[in-house]
>>> print(open('input_11.txt').read())   # compact mmCIF, C-alpha atoms
# COMPACT_ATOMS: atom_id res chain seq x y z
CA MET M 1 38.92 0.82 29.95
CA LYS M 2 38.37 4.54 29.71
CA THR M 3 39.34 4.55 26.04
CA ARG M 4 36.89 1.76 25.18
CA ASN M 5 34.02 3.48 27.05
CA ALA M 6 34.87 6.82 25.45
CA CYS M 7 34.42 5.24 22.01
CA LEU M 8 31.04 3.74 22.85
CA PRO M 9 28.99 6.83 21.82
CA PHE M 10 30.81 6.94 18.49
CA ALA M 11 30.22 3.21 17.90
CA LEU M 12 26.51 3.62 18.68
CA ALA M 13 26.25 6.60 16.33
CA ALA M 14 27.93 4.59 13.55
CA LEU M 15 25.47 1.73 14.08
CA ALA M 16 22.52 4.15 13.99
CA LEU M 17 23.76 5.65 10.74
CA ALA M 18 24.27 2.20 9.23
CA GLY M 19 20.70 1.30 10.20
CA CYS M 20 19.41 4.43 8.46
CA ALA M 21 21.32 3.53 5.30
CA VAL M 22 19.65 0.10 5.20
CA MET M 23 16.19 1.67 5.56
CA ALA M 24 16.72 4.35 2.91
CA PRO M 25 14.64 3.95 -0.25
CA SER M 26 16.70 2.38 -2.99
CA GLY M 27 14.50 3.28 -5.91
CA PRO M 28 11.52 5.22 -7.20
CA VAL M 29 8.59 6.34 -5.05
CA ALA M 30 4.89 6.69 -5.87
CA ILE M 31 2.11 8.39 -3.90
CA ALA M 32 -1.65 7.80 -3.72
CA GLU M 33 -4.00 10.45 -2.25
CA LEU M 34 -7.19 8.55 -1.37
CA MET M 35 -10.36 10.55 -1.91
CA PRO M 36 -13.82 9.48 -0.73
CA THR M 37 -16.35 8.00 -3.12
CA GLU M 38 -19.89 9.36 -3.17
CA GLY M 39 -21.46 9.12 0.30
CA SER M 40 -18.18 8.16 2.01
CA SER M 41 -15.86 10.09 4.30
CA THR M 42 -12.86 7.75 3.92
CA SER M 43 -9.59 9.40 2.87
CA GLY M 44 -5.86 9.01 3.33
CA THR M 45 -2.43 8.75 1.81
CA ALA M 46 -0.30 5.81 0.71
CA ARG M 47 3.34 5.68 -0.29
CA PHE M 48 4.96 3.01 -2.48
CA GLU M 49 8.77 2.75 -2.23
CA GLN M 50 10.85 0.46 -4.43
CA ARG M 51 13.43 -1.27 -2.22
CA GLY M 52 15.41 -3.72 -4.28
CA ASP M 53 13.03 -6.42 -5.54
CA LYS M 54 10.26 -5.42 -3.11
CA VAL M 55 7.87 -2.53 -2.76
CA LEU M 56 7.17 -1.17 0.72
CA ILE M 57 3.63 0.19 0.98
CA THR M 58 2.82 2.47 3.91
CA ALA M 59 -0.51 4.17 4.41
CA GLU M 60 -2.71 6.03 6.85
CA VAL M 61 -6.45 5.99 6.17
CA SER M 62 -9.20 7.69 8.19
CA GLY M 63 -13.00 7.71 8.08
CA LEU M 64 -13.24 3.93 8.46
CA SER M 65 -15.59 1.90 10.67
CA PRO M 66 -14.05 2.05 14.17
CA GLY M 67 -12.42 -1.30 14.91
CA GLY M 68 -13.42 -2.60 11.46
CA GLU M 69 -11.51 -4.36 8.71
CA HIS M 70 -11.58 -3.11 5.15
CA GLY M 71 -10.38 -4.61 1.88
CA PHE M 72 -7.40 -2.76 0.38
CA HIS M 73 -6.31 -3.41 -3.21
CA VAL M 74 -4.40 -2.06 -6.15
CA HIS M 75 -6.84 -1.96 -9.10
CA GLU M 76 -6.03 -2.18 -12.80
CA LYS M 77 -7.09 1.25 -14.08
CA GLY M 78 -5.93 4.58 -12.74
CA ASP M 79 -9.40 6.05 -13.08
CA CYS M 80 -11.38 7.29 -10.08
CA SER M 81 -13.86 9.33 -12.14
CA ALA M 82 -17.00 7.27 -11.38
CA PRO M 83 -18.83 8.32 -8.18
CA ASP M 84 -18.51 4.73 -6.90
CA ALA M 85 -14.94 4.29 -8.26
CA MET M 86 -16.02 1.36 -10.45
CA SER M 87 -14.07 3.08 -13.24
CA ALA M 88 -10.91 1.69 -11.59
CA GLY M 89 -11.76 -1.80 -12.87
CA GLY M 90 -10.85 -5.01 -11.10
CA HIS M 91 -7.85 -5.98 -9.02
CA PHE M 92 -4.47 -5.47 -10.68
CA ASN M 93 -3.55 -8.95 -11.90
CA PRO M 94 -0.81 -8.90 -14.58
CA ALA M 95 0.06 -12.60 -14.07
CA GLY M 96 -3.55 -13.85 -14.42
CA LYS M 97 -3.62 -15.50 -10.96
CA PRO M 98 -6.71 -16.26 -8.84
CA HIS M 99 -7.64 -13.89 -6.01
CA GLY M 100 -6.03 -14.97 -2.76
CA HIS M 101 -4.47 -14.21 0.58
CA HIS M 102 -1.54 -11.78 0.49
CA GLY M 103 0.68 -14.47 2.03
CA GLN M 104 0.10 -16.97 -0.78
CA ARG M 105 2.14 -17.07 -3.97
CA GLU M 106 -0.99 -17.61 -6.09
CA ARG M 107 -2.79 -14.28 -5.85
CA HIS M 108 -3.44 -11.07 -7.72
CA ALA M 109 -0.48 -8.69 -7.54
CA GLY M 110 -2.95 -6.11 -6.18
CA ASP M 111 -4.17 -8.28 -3.26
CA LEU M 112 -3.04 -6.53 -0.08
CA PRO M 113 -3.77 -7.22 3.61
CA ASN M 114 -6.97 -5.75 5.03
CA LEU M 115 -6.82 -2.35 6.68
CA VAL M 116 -7.62 -2.63 10.39
CA ALA M 117 -9.03 0.54 11.90
CA ASP M 118 -8.51 1.61 15.48
CA ALA M 119 -11.30 2.84 17.79
CA TYR M 120 -11.19 6.22 15.99
CA GLY M 121 -11.60 4.76 12.49
CA VAL M 122 -7.95 5.27 11.52
CA ALA M 123 -5.79 2.52 10.01
CA LYS M 124 -1.99 2.61 9.74
CA PHE M 125 -0.61 0.16 7.21
CA SER M 126 2.83 -1.19 6.31
CA PHE M 127 3.43 -4.12 3.95
CA ALA M 128 6.20 -5.27 1.62
CA THR M 129 5.47 -7.23 -1.56
CA ASP M 130 7.55 -8.70 -4.35
CA LEU M 131 4.65 -8.82 -6.84
CA LEU M 132 4.53 -5.07 -7.50
CA THR M 133 7.07 -2.51 -8.68
CA VAL M 134 7.23 1.27 -8.73
CA ALA M 135 9.76 1.15 -11.55
CA PRO M 136 8.34 0.95 -15.09
CA GLY M 137 7.27 -2.50 -16.23
CA PRO M 138 4.29 -4.87 -16.34
CA ALA M 139 3.94 -5.01 -12.52
CA SER M 140 4.26 -1.25 -11.94
CA VAL M 141 1.69 0.42 -9.68
CA VAL M 142 2.20 3.81 -11.32
CA GLY M 143 -0.95 4.76 -13.20
CA ARG M 144 -3.07 2.17 -11.33
CA ALA M 145 -5.71 2.84 -8.66
CA LEU M 146 -5.63 2.15 -4.93
CA ILE M 147 -9.04 1.26 -3.46
CA VAL M 148 -10.40 1.00 0.10
CA HIS M 149 -13.48 -1.22 0.39
CA ARG M 150 -16.31 -1.19 2.95
CA ASP M 151 -15.94 -4.84 4.00
CA PRO M 152 -12.97 -7.07 4.81
CA ASP M 153 -11.46 -9.19 2.06
CA ASP M 154 -12.26 -12.87 2.75
CA TYR M 155 -9.26 -13.85 0.57
CA LYS M 156 -11.21 -16.61 -1.17
CA THR M 157 -14.27 -15.31 -3.06
CA GLN M 158 -13.37 -14.94 -6.75
CA PRO M 159 -12.42 -12.55 -8.14
CA THR M 160 -12.86 -9.81 -5.52
CA GLY M 161 -12.70 -11.25 -2.01
CA ASN M 162 -16.28 -10.12 -1.31
CA SER M 163 -14.98 -6.74 -0.09
CA GLY M 164 -18.10 -4.78 -0.90
CA PRO M 165 -18.46 -1.22 -2.21
CA ARG M 166 -15.52 1.12 -2.69
CA LEU M 167 -15.11 3.80 -0.02
CA ALA M 168 -12.07 5.65 -1.39
CA CYS M 169 -10.01 5.74 -4.57
CA ALA M 170 -6.65 7.17 -5.60
CA VAL M 171 -4.63 7.20 -8.77
CA ILE M 172 -1.09 6.09 -7.91
CA LYS M 173 1.37 8.69 -9.25
CA ALA M 174 5.15 8.68 -9.50
CA ALA M 175 6.67 11.08 -6.99
CA LYS M 176 8.94 13.75 -8.38
CA ALA M 177 12.59 13.14 -7.63
CA SER M 178 14.03 15.48 -5.03
CA LYS M 179 17.14 17.46 -5.95
>>> encode(input="input_11.txt", output="structure tokens")
Amino acid sequence: MKTRNACLPFALAALALAGCAVMAPSGPVAIAELMPTEGSSTSGTARFEQRGDKVLITAEVSGLSPGGEHGFHVHEKGDCSAPDAMSAGGHFNPAGKPHGHHGQRERHAGDLPNLVADAYGVAKFSFATDLLTVAPGPASVVGRALIVHRDPDDYKTQPTGNSGPRLACAVIKAAKASK
């Protein structure tokens, strides 16, 4: 019995290391630094990690309406130059699908779940999708824009989800590989 119990810490450490290996990014990474549009104070950071055939998107956004929901989308053009971020174009939609709920197969690739802010106006976000890639190709997010909207996406109004004005915009950029 003593031998089996003595090995328990080593077995637990091996399991912990195996769990870390599963969670490690398996491909390229992209970053989006959200900057406020004119008259807004919304900002934040998002990370896109290629993990096999899915992309894990994690984000933290502040300056939102406390307790509010806000539309969150990848847009077609990586251009945040307009004061209202309209230069980013519409939702990223390489397959020509209708706008829809992030859980439906028929939706824009850029349709993401709404951000939900806490009582301090901060939203933490984590979502995996198989409609986007970080790797080069027609579904790549690199060079696109990430937009935070004032209102929640209703997931049905075409083509935008009735999400209202744009509060923050970021150009999604490939992260430099670490050495």
>>> atom_distance(input="input_11.txt", atom1="atom CA of His102 of chain M", atom2="atom CA of Val74 of chain M")
12.1 Å
>>> residues_near_point(input="input_11.txt", point="(9.0, -7.2, -4.5)", cutoff="9 Å", atoms="all atoms listed in the file", output="PyMOL selection string")
chain M and resi 50-56+128-133
>>> atom_distance(input="input_11.txt", atom1="atom CA of Gly67 of chain M", atom2="atom CA of His99 of chain M")
24.9 Å
>>> closest_residue(input="input_11.txt", among="M:Arg150, M:Lys176, M:Arg166, M:Arg107", to="Met35 of chain M", atoms="only C-alpha atoms")
M:Arg166
>>> closest_residue(input="input_11.txt", among="M:Gly63, M:Pro94, M:Gly39, M:Gly27", to="Asp118 of chain M", atoms="all atoms listed in the file")
M:Gly63
>>> closest_residue(input="input_11.txt", among="M:Ala117, M:Ile57, M:Cys169, M:Ala145", to="Asp84 of chain M", atoms="only C-alpha atoms")
M:Cys169
>>> axis_aligned_box(input="input_11.txt", around="segment 81-99 of chain M", padding_each_side="6 Å", output="JSON")
{"center_x": -9.4, "center_y": -3.5, "center_z": -10.3, "size_x": 30.9, "size_y": 37.6, "size_z": 20.6}
>>> closest_residue(input="input_11.txt", among="M:Pro98, M:Tyr120, M:Gly143, M:Ala174", to="Tyr155 of chain M", atoms="all atoms listed in the file")
M:Pro98
>>> atom_distance(input="input_11.txt", atom1="atom CA of Glu106 of chain M", atom2="atom CA of Gly78 of chain M")
23.7 Å
>>> build_atoms(input="input_11.txt", residues="segment 147-176 of chain M", atoms="N, CA and C atoms", output="CSV table (one decimal), keeping the file's coordinate frame")
chain,number,residue,atom,x,y,z
M,147,ILE,N,-7.6,1.2,-3.9
M,147,ILE,CA,-9.0,1.3,-3.5
M,147,ILE,C,-9.1,0.8,-2.0
M,148,VAL,N,-10.0,1.5,-1.2
M,148,VAL,CA,-10.4,1.0,0.1
M,148,VAL,C,-11.8,0.5,0.0
M,149,HIS,N,-12.1,-0.7,0.5
M,149,HIS,CA,-13.5,-1.2,0.4
M,149,HIS,C,-14.2,-1.1,1.8
M,150,ARG,N,-15.5,-1.3,1.7
M,150,ARG,CA,-16.3,-1.2,3.0
M,150,ARG,C,-16.1,-2.4,3.8
M,151,ASP,N,-16.0,-3.6,3.2
M,151,ASP,CA,-15.9,-4.8,4.0
M,151,ASP,C,-14.5,-5.5,3.9
M,152,PRO,N,-14.3,-6.4,4.9
M,152,PRO,CA,-13.0,-7.1,4.8
M,152,PRO,C,-12.9,-8.0,3.6
M,153,ASP,N,-11.7,-8.2,3.1
M,153,ASP,CA,-11.5,-9.2,2.1
M,153,ASP,C,-11.5,-10.6,2.7
M,154,ASP,N,-12.2,-11.5,2.2
M,154,ASP,CA,-12.3,-12.9,2.8
M,154,ASP,C,-11.2,-13.7,2.2
M,155,TYR,N,-10.4,-13.2,1.2
M,155,TYR,CA,-9.3,-13.8,0.6
M,155,TYR,C,-9.6,-15.1,-0.2
M,156,LYS,N,-10.9,-15.4,-0.4
M,156,LYS,CA,-11.2,-16.6,-1.2
M,156,LYS,C,-12.2,-16.4,-2.3
M,157,THR,N,-13.2,-15.5,-2.0
M,157,THR,CA,-14.3,-15.3,-3.1
M,157,THR,C,-13.6,-14.8,-4.3
M,158,GLN,N,-13.9,-15.4,-5.5
M,158,GLN,CA,-13.4,-14.9,-6.8
M,158,GLN,C,-14.3,-14.0,-7.5
M,159,PRO,N,-13.8,-13.0,-8.1
M,159,PRO,CA,-12.4,-12.6,-8.1
M,159,PRO,C,-12.1,-11.4,-7.2
M,160,THR,N,-13.0,-11.1,-6.3
M,160,THR,CA,-12.9,-9.8,-5.5
M,160,THR,C,-12.6,-9.9,-4.0
M,161,GLY,N,-12.8,-11.1,-3.5
M,161,GLY,CA,-12.7,-11.2,-2.0
M,161,GLY,C,-13.9,-10.8,-1.2
M,162,ASN,N,-15.0,-10.5,-2.0
M,162,ASN,CA,-16.3,-10.1,-1.3
M,162,ASN,C,-16.1,-8.9,-0.4
M,163,SER,N,-15.3,-7.9,-0.9
M,163,SER,CA,-15.0,-6.7,-0.1
M,163,SER,C,-16.0,-5.6,-0.1
M,164,GLY,N,-17.0,-5.8,-0.9
M,164,GLY,CA,-18.1,-4.8,-0.9
M,164,GLY,C,-17.8,-3.5,-1.7
M,165,PRO,N,-18.6,-2.5,-1.5
M,165,PRO,CA,-18.5,-1.2,-2.2
M,165,PRO,C,-17.1,-0.5,-1.9
M,166,ARG,N,-16.8,0.4,-2.8
M,166,ARG,CA,-15.5,1.1,-2.7
M,166,ARG,C,-15.8,2.4,-1.9
M,167,LEU,N,-15.0,2.6,-0.9
M,167,LEU,CA,-15.1,3.8,0.0
M,167,LEU,C,-14.2,4.9,-0.4
M,168,ALA,N,-13.0,4.6,-1.0
M,168,ALA,CA,-12.1,5.6,-1.4
M,168,ALA,C,-11.3,5.1,-2.6
M,169,CYS,N,-10.8,6.1,-3.4
M,169,CYS,CA,-10.0,5.7,-4.6
M,169,CYS,C,-8.9,6.8,-4.8
M,170,ALA,N,-7.8,6.3,-5.3
M,170,ALA,CA,-6.6,7.2,-5.6
M,170,ALA,C,-6.0,6.7,-6.8
M,171,VAL,N,-5.5,7.6,-7.7
M,171,VAL,CA,-4.6,7.2,-8.8
M,171,VAL,C,-3.2,7.2,-8.2
M,172,ILE,N,-2.5,6.2,-8.4
M,172,ILE,CA,-1.1,6.1,-7.9
M,172,ILE,C,-0.2,6.8,-8.9
M,173,LYS,N,0.5,7.8,-8.4
M,173,LYS,CA,1.4,8.7,-9.2
M,173,LYS,C,2.8,8.6,-8.8
M,174,ALA,N,3.7,8.6,-9.8
M,174,ALA,CA,5.2,8.7,-9.5
M,174,ALA,C,5.5,10.0,-8.8
M,175,ALA,N,6.2,9.9,-7.7
M,175,ALA,CA,6.7,11.1,-7.0
M,175,ALA,C,7.8,11.7,-7.8
M,176,LYS,N,7.9,13.0,-7.7
M,176,LYS,CA,8.9,13.8,-8.4
M,176,LYS,C,10.2,13.6,-7.6
